[in-house]
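Accompanying notes for the structure given below.
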Amino acid sequence: MTTPTDPEPEAETAPRTPPDPARTRPSPPRRRPGGRTARVRAQVLDAVRAELGAHGYDGLTTDGVAARAGVHRTTVYRRWGDVGALLADVLDAAGDDDWQPPDTGSLEEDLTALNQEIQTAMTAQPPVMEALIAASFRSEKAARAQRRLWEDRYTRCDIVVGRAVRRGELPPDTDARRLLIAATAPLYHHLVLLRTPLDPRLPRHAARTATLAAAAGAFARSPSAPGT
């Protein structure tokens, strides 16, 4: 662990706004200030992830983050203020990328690959993703940032359902959000709620179940649903 080395706090960066990608062509990631400000931000967010993975939410402190990042404590206090803002920035940073859902040529394979990504992230060590989810129940700032991240990810994944409709795998009135939630929810239920051992068959089983239900019209939009 490093000790603070910056004698002066860094200048603050502009507040980040949540991503708003198009449903079929997500916007490119926003450009952030470069140079030392960007390096310090990256160091601090890396330190937050490391501290959260090692000590959990209850062990996360701004002083601990500053020490691990090797920056002056005032830098963290002035830029972020508290651990809630640090967690929110970690979550917002996760959505500031060019990630796209898998495109395998079939709905079941796309959903399986997506679930495998989720399972890998949820079982990684240290358990940063699990800790971030848990922290969102303790910090309103983190909770708002997590909702922004999930909205962004589900919006980007709409294209998976759109492609399946165009290939004739699904009815045209399939509700993408309902299908995506049904396909991915078993991963979180088993890994977060039940805390069952890793099952390599789960990603495909959940994807296949959702695919069969969707093909049968289980996720058809209600006539009164927005946009219909």
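Chain labels A, B, ... are given in the sequence in which chains occur in the structure tokens; within each chain residues are numbered consecutively from 1, and ligands are likewise numbered from 1 in the order shown.
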Problem set entry | Which of region 33-208 of chain A DSSP labels helix (DSSP H, G or I), written as a ChimeraX atom specification | /A:35-55,57-59,62-69,73-79,83-94,107-122,128-135,140-166,176-194,202-208
Please report, as CSV, each residue of region 115-136 of chain A lying at most 9 Å from region 69-93 of chain A, together with the nearest pair of atoms and the separation in Å rounded to one decimal; use only C-alpha atoms, and order rows by chain and ascending residue number.
residue,atom,partner,partner_atom,distance
A:Leu132,CA,A:Leu87,CA,7.4
A:Ala135,CA,A:Leu87,CA,8.0
A:Ser136,CA,A:Leu87,CA,8.5
Exercise. Between CA of Ala182 (chain A) and CA of Asn115 (chain A), what is the distance, to one decimal in Å?
Worked result: 11.3 Å
Exercise. Which polymer residues have any atom within 8 Å of an atom of Leu60 (chain A), counting only C-alpha atoms, with same-chain residues fewer than 6 positions away left out, as a list in words?
Worked result: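 So the residues in contact are Val48, Glu51, Leu52 and Val83 of chain A.
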For the selection just defined, write its residues with N, CA and C atoms to a file, as a tab-separated table (two decimals), in the first residue's frame.
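Final output, saved to again-v8.tsv:
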chain	number	residue	atom	x	y	z
A	48	VAL	N	-10.64	2.34	-5.02
A	48	VAL	CA	-11.98	2.06	-4.49
A	48	VAL	C	-12.35	0.59	-4.73
A	51	GLU	N	-10.20	-1.61	-2.40
A	51	GLU	CA	-10.63	-1.51	-1.00
A	51	GLU	C	-11.99	-2.17	-0.80
A	52	LEU	N	-12.89	-1.99	-1.75
A	52	LEU	CA	-14.21	-2.60	-1.63
A	52	LEU	C	-14.12	-4.11	-1.70
A	83	VAL	N	-17.75	8.32	0.60
A	83	VAL	CA	-17.65	7.03	-0.06
A	83	VAL	C	-18.82	6.79	-1.02
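Restricting the calculation to only C-alpha atoms, the smallest distance between Gln125 (chain A) and any of A:Arg208, A:His189, A:Arg195, A:Arg49 is found for A:Arg49.
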Given only C-alpha atoms, how would the per-residue table for region 156-185 of chain A near region 99-108 of chain A read, listing every residue at most 9 Å away with its closest atom pair and distance in Å to one decimal, sorted by chain and number, as a Markdown table?
| residue | atom | partner | partner_atom | distance |
| --- | --- | --- | --- | --- |
| A:Arg156 | CA | A:Gln100 | CA | 6.7 |
| A:Cys157 | CA | A:Pro101 | CA | 5.8 |
| A:Ile159 | CA | A:Pro101 | CA | 8.1 |
| A:Val160 | CA | A:Leu107 | CA | 6.9 |
| A:Val161 | CA | A:Leu107 | CA | 7.3 |
| A:Arg163 | CA | A:Leu107 | CA | 8.0 |
| A:Ala164 | CA | A:Leu107 | CA | 5.7 |
| A:Arg167 | CA | A:Ser106 | CA | 8.4 |
| A:Glu169 | CA | A:Leu107 | CA | 7.5 |
| A:Leu170 | CA | A:Leu107 | CA | 8.9 |
Residue selection dump (all heavy atoms) as a CSV table (one decimal), in the first residue's frame:
chain,number,residue,atom,x,y,z
A,156,ARG,N,-28.5,-1.1,-24.3
A,156,ARG,CA,-27.6,-1.6,-25.2
A,156,ARG,C,-27.9,-3.0,-25.7
A,156,ARG,O,-27.7,-3.4,-26.9
A,156,ARG,CB,-26.1,-1.6,-24.7
A,156,ARG,CG,-25.6,-0.3,-24.3
A,156,ARG,CD,-24.1,-0.3,-24.1
A,156,ARG,NE,-23.6,0.8,-23.3
A,156,ARG,CZ,-22.3,1.1,-23.2
A,156,ARG,NH1,-21.4,0.4,-23.8
A,156,ARG,NH2,-22.0,2.2,-22.5
A,157,CYS,N,-28.5,-3.8,-24.8
A,157,CYS,CA,-28.9,-5.2,-25.1
A,157,CYS,C,-30.2,-5.3,-25.9
A,157,CYS,O,-30.5,-6.4,-26.4
A,157,CYS,CB,-28.9,-6.0,-23.8
A,157,CYS,SG,-27.3,-6.4,-23.1
A,159,ILE,N,-30.7,-4.5,-28.7
A,159,ILE,CA,-30.3,-4.9,-30.1
A,159,ILE,C,-30.3,-6.4,-30.2
A,159,ILE,O,-30.6,-7.0,-31.3
A,159,ILE,CB,-29.0,-4.3,-30.5
A,159,ILE,CG1,-28.8,-4.4,-32.0
A,159,ILE,CG2,-27.8,-5.0,-29.7
A,159,ILE,CD1,-27.5,-3.7,-32.5
A,160,VAL,N,-30.0,-7.2,-29.2
A,160,VAL,CA,-30.1,-8.6,-29.2
A,160,VAL,C,-31.5,-9.1,-29.6
A,160,VAL,O,-31.6,-10.0,-30.4
A,160,VAL,CB,-29.6,-9.2,-27.9
A,160,VAL,CG1,-29.9,-10.7,-27.8
A,160,VAL,CG2,-28.2,-8.9,-27.6
A,161,VAL,N,-32.5,-8.5,-29.0
A,161,VAL,CA,-33.9,-8.9,-29.3
A,161,VAL,C,-34.3,-8.4,-30.6
A,161,VAL,O,-35.0,-9.1,-31.4
A,161,VAL,CB,-34.8,-8.3,-28.2
A,161,VAL,CG1,-36.3,-8.7,-28.5
A,161,VAL,CG2,-34.4,-8.9,-26.8
A,163,ARG,N,-32.4,-8.1,-33.3
A,163,ARG,CA,-31.9,-9.0,-34.3
A,163,ARG,C,-32.7,-10.3,-34.4
A,163,ARG,O,-32.9,-10.8,-35.5
A,163,ARG,CB,-30.4,-9.3,-34.0
A,163,ARG,CG,-29.5,-8.1,-34.2
A,163,ARG,CD,-28.0,-8.5,-34.1
A,163,ARG,NE,-27.6,-9.1,-32.8
A,163,ARG,CZ,-26.8,-8.6,-32.0
A,163,ARG,NH1,-26.2,-7.4,-32.2
A,163,ARG,NH2,-26.5,-9.2,-30.9
A,164,ALA,N,-33.1,-10.8,-33.2
A,164,ALA,CA,-33.8,-12.0,-33.2
A,164,ALA,C,-35.2,-11.9,-33.9
A,164,ALA,O,-35.7,-12.8,-34.6
A,164,ALA,CB,-34.0,-12.5,-31.8
A,167,ARG,N,-34.6,-11.9,-37.6
A,167,ARG,CA,-34.3,-13.3,-38.1
A,167,ARG,C,-35.5,-14.2,-38.1
A,167,ARG,O,-35.4,-15.3,-38.5
A,167,ARG,CB,-33.2,-13.9,-37.2
A,167,ARG,CG,-31.8,-13.3,-37.4
A,167,ARG,CD,-30.7,-14.1,-36.8
A,167,ARG,NE,-30.9,-14.2,-35.4
A,167,ARG,CZ,-30.2,-13.5,-34.5
A,167,ARG,NH1,-29.3,-12.6,-34.9
A,167,ARG,NH2,-30.4,-13.7,-33.2
A,169,GLU,N,-36.9,-15.3,-35.2
A,169,GLU,CA,-36.9,-16.1,-34.1
A,169,GLU,C,-37.9,-15.7,-33.0
A,169,GLU,O,-38.3,-16.6,-32.2
A,169,GLU,CB,-35.5,-16.1,-33.4
A,169,GLU,CG,-34.4,-16.6,-34.2
A,169,GLU,CD,-33.1,-16.5,-33.5
A,169,GLU,OE1,-32.7,-17.4,-32.7
A,169,GLU,OE2,-32.4,-15.5,-33.6
A,170,LEU,N,-38.4,-14.5,-33.1
A,170,LEU,CA,-39.3,-14.0,-32.1
A,170,LEU,C,-40.5,-13.2,-32.7
A,170,LEU,O,-40.3,-12.7,-33.8
A,170,LEU,CB,-38.6,-13.0,-31.1
A,170,LEU,CG,-37.5,-13.5,-30.3
A,170,LEU,CD1,-36.8,-12.4,-29.5
A,170,LEU,CD2,-38.0,-14.6,-29.3
Problem set entry | Residue nearest Tyr188 (chain A) - candidates A:Ala113, A:Ile118, A:Ala216, A:Ala142, atoms counted: only C-alpha atoms |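 Among the listed residues, the smallest separation from Tyr188 (chain A) belongs to A:Ile118.
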Problem set entry | Distance query Thr174 (chain A) at most 8 Å, only C-alpha atoms, self and fewer than 2 positions along chain excluded, as a ChimeraX atom specification | /A:161,165,170-172,176,179,214,217,219-221
Let me see the file: selected residues, C-alpha atoms, as a compact mmCIF listing (two decimals), in the first residue's frame.
# COMPACT_ATOMS: atom_id res chain seq x y z
CA VAL A 161 -33.87 -8.89 -29.26
CA VAL A 165 -37.08 -10.45 -34.38
CA LEU A 170 -39.32 -13.97 -32.07
CA PRO A 171 -42.72 -12.36 -32.54
CA PRO A 172 -42.47 -8.70 -33.62
CA ALA A 176 -37.07 -6.62 -25.09
CA LEU A 179 -37.12 -10.90 -22.08
CA ALA A 214 -40.17 -15.63 -25.82
CA GLY A 217 -45.11 -15.14 -27.08
CA PHE A 219 -43.04 -11.54 -23.49
CA ALA A 220 -45.48 -9.90 -25.89
CA ARG A 221 -46.06 -6.23 -25.18
Exercise. So what do you get for CA of Ala134 (chain A) versus CA of Tyr57 (chain A), distance-wise?
Worked result: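 Spanning CA of Ala134 (chain A) to CA of Tyr57 (chain A) is a straight-line distance of 7.7 Å.
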